[in-house]
Amino acid sequence: MLNRSLIQILTHLLGLTLLLGLFSLIGCTLKIPVEQQVGQRTVARWQALITQNWQGAYSYLSPGYRGVHSLDLYKSRFGNAVHWENIELTKVSCEETLCNVVLNLTFTYTGHVGQMVPGQHKQIIKEKWIKEQDQWWYYIPK
């Protein structure tokens, strides 16, 4: 009687272990590739910039940057002569804790400073994203 109960318990434990292993395997296959994660975060940050959602864009900056620079200081980096219109992700390449991102930005310039002519323009943007605290953050160069 005791052996039979022990066999039933072991059988249930084995089944539970196999089931947990299957769920782990499924979880591994559903994991989003790092390049896709960073690409999504990059486009979301730019969508926030395009709509002038400064708080939203600020939330993608590294904790180190946000610890030193306030939201108001971040907002003061942007003037009103450039109006971003569209962003297109073209390339993401990642290493362990660093991703390099290339984007095509479409914008309208309304100012009259320097050599840039007012009107619609396109520009290639290169960004770096760093992994910190298990998350990817936009890195603002110094």
# chains A, B, ... in the order shown; residues from 1 in each chain; ligands from 1

call {"tool": "residues_around", "arguments": {"residues": "Glu88 of chain A", "least_positions_apart": "2", "cutoff": "7 Å", "atoms": "only C-alpha atoms", "output": "PDB file with all heavy atoms, in the first residue's frame"}}
result
ATOM      1  N   ASN A  86       8.326  61.880 -39.247  1.00  0.00           N
ATOM      2  CA  ASN A  86       8.266  60.423 -39.406  1.00  0.00           C
ATOM      3  C   ASN A  86       9.616  59.822 -39.069  1.00  0.00           C
ATOM      4  O   ASN A  86      10.654  60.423 -39.331  1.00  0.00           O
ATOM      5  CB  ASN A  86       7.872  60.063 -40.843  1.00  0.00           C
ATOM      6  CG  ASN A  86       7.597  58.587 -40.997  1.00  0.00           C
ATOM      7  OD1 ASN A  86       6.924  57.979 -40.180  1.00  0.00           O
ATOM      8  ND2 ASN A  86       8.123  57.994 -42.049  1.00  0.00           N
ATOM      9  N   THR A  90      15.808  51.333 -39.637  1.00  0.00           N
ATOM     10  CA  THR A  90      16.450  50.641 -40.750  1.00  0.00           C
ATOM     11  C   THR A  90      17.400  49.533 -40.305  1.00  0.00           C
ATOM     12  O   THR A  90      17.577  48.568 -41.029  1.00  0.00           O
ATOM     13  CB  THR A  90      17.215  51.618 -41.670  1.00  0.00           C
ATOM     14  OG1 THR A  90      18.195  52.302 -40.905  1.00  0.00           O
ATOM     15  CG2 THR A  90      16.269  52.610 -42.302  1.00  0.00           C
ATOM     16  N   LEU A 103      18.322  54.931 -38.064  1.00  0.00           N
ATOM     17  CA  LEU A 103      16.963  55.339 -38.411  1.00  0.00           C
ATOM     18  C   LEU A 103      17.005  56.374 -39.523  1.00  0.00           C
ATOM     19  O   LEU A 103      18.001  57.074 -39.692  1.00  0.00           O
ATOM     20  CB  LEU A 103      16.292  55.993 -37.195  1.00  0.00           C
ATOM     21  CG  LEU A 103      16.295  55.193 -35.902  1.00  0.00           C
ATOM     22  CD1 LEU A 103      16.854  56.012 -34.781  1.00  0.00           C
ATOM     23  CD2 LEU A 103      14.901  54.754 -35.579  1.00  0.00           C
ATOM     24  N   ASN A 104      15.893  56.483 -40.235  1.00  0.00           N
ATOM     25  CA  ASN A 104      15.702  57.560 -41.209  1.00  0.00           C
ATOM     26  C   ASN A 104      14.640  58.490 -40.637  1.00  0.00           C
ATOM     27  O   ASN A 104      13.512  58.068 -40.378  1.00  0.00           O
ATOM     28  CB  ASN A 104      15.235  57.014 -42.558  1.00  0.00           C
ATOM     29  CG  ASN A 104      16.339  56.281 -43.277  1.00  0.00           C
ATOM     30  OD1 ASN A 104      17.496  56.659 -43.209  1.00  0.00           O
ATOM     31  ND2 ASN A 104      15.976  55.211 -43.967  1.00  0.00           N
ATOM     32  N   LEU A 105      15.017  59.735 -40.464  1.00  0.00           N
ATOM     33  CA  LEU A 105      14.118  60.738 -39.900  1.00  0.00           C
ATOM     34  C   LEU A 105      13.685  61.706 -40.988  1.00  0.00           C
ATOM     35  O   LEU A 105      14.504  62.216 -41.747  1.00  0.00           O
ATOM     36  CB  LEU A 105      14.840  61.509 -38.787  1.00  0.00           C
ATOM     37  CG  LEU A 105      14.100  62.692 -38.174  1.00  0.00           C
ATOM     38  CD1 LEU A 105      12.845  62.227 -37.435  1.00  0.00           C
ATOM     39  CD2 LEU A 105      15.016  63.464 -37.244  1.00  0.00           C
TER      40      LEU A 105
END

call {"tool": "closest_residue", "arguments": {"among": "A:Ile140, A:Leu89, A:Val82, A:Val68", "to": "Val117 of chain A", "atoms": "only C-alpha atoms"}}
result
A:Val82

call {"tool": "closest_residue", "arguments": {"among": "A:Thr110, A:Gln55, A:Thr97, A:Ser62", "to": "Asn80 of chain A", "atoms": "only C-alpha atoms"}}
result
A:Thr110

call {"tool": "closest_residue", "arguments": {"among": "A:Leu71, A:Cys99, A:Glu85, A:Asn53", "to": "Gln135 of chain A", "atoms": "only C-alpha atoms"}}
result
A:Cys99

call {"tool": "atom_distance", "arguments": {"atom1": "atom CA of Ser93 of chain A", "atom2": "atom CA of Glu35 of chain A"}}
result
6.4 Å

call {"tool": "residues_around", "arguments": {"residues": "Lys126 of chain A", "least_positions_apart": "6", "cutoff": "8 Å", "atoms": "only C-alpha atoms", "output": "PyMOL selection string"}}
result
chain A and resi 100-103

call {"tool": "closest_residue", "arguments": {"among": "A:Tyr60, A:Phe107, A:Tyr139, A:Trp54", "to": "Gln123 of chain A", "atoms": "only C-alpha atoms"}}
result
A:Phe107

call {"tool": "residues_around", "arguments": {"residues": "Trp136 of chain A", "least_positions_apart": "6", "cutoff": "7 Å", "atoms": "only C-alpha atoms", "output": "list in words"}}
result
Val38, Trp129 and Ile130 of chain A

call {"tool": "atom_distance", "arguments": {"atom1": "atom CA of His83 of chain A", "atom2": "atom CA of Thr106 of chain A"}}
result
8.9 Å

call {"tool": "select_by_dssp", "arguments": {"residues": "segment 7-134 of chain A", "states": "helix (DSSP H, G or I)", "output": "NGL selection string"}}
result
:A and (7-29 or 34-50 or 54-58 or 63-68 or 71-75)

call {"tool": "closest_residue", "arguments": {"among": "A:Pro141, A:Ile50, A:Val92, A:Gly56", "to": "Thr108 of chain A", "atoms": "only C-alpha atoms"}}
result
A:Ile50
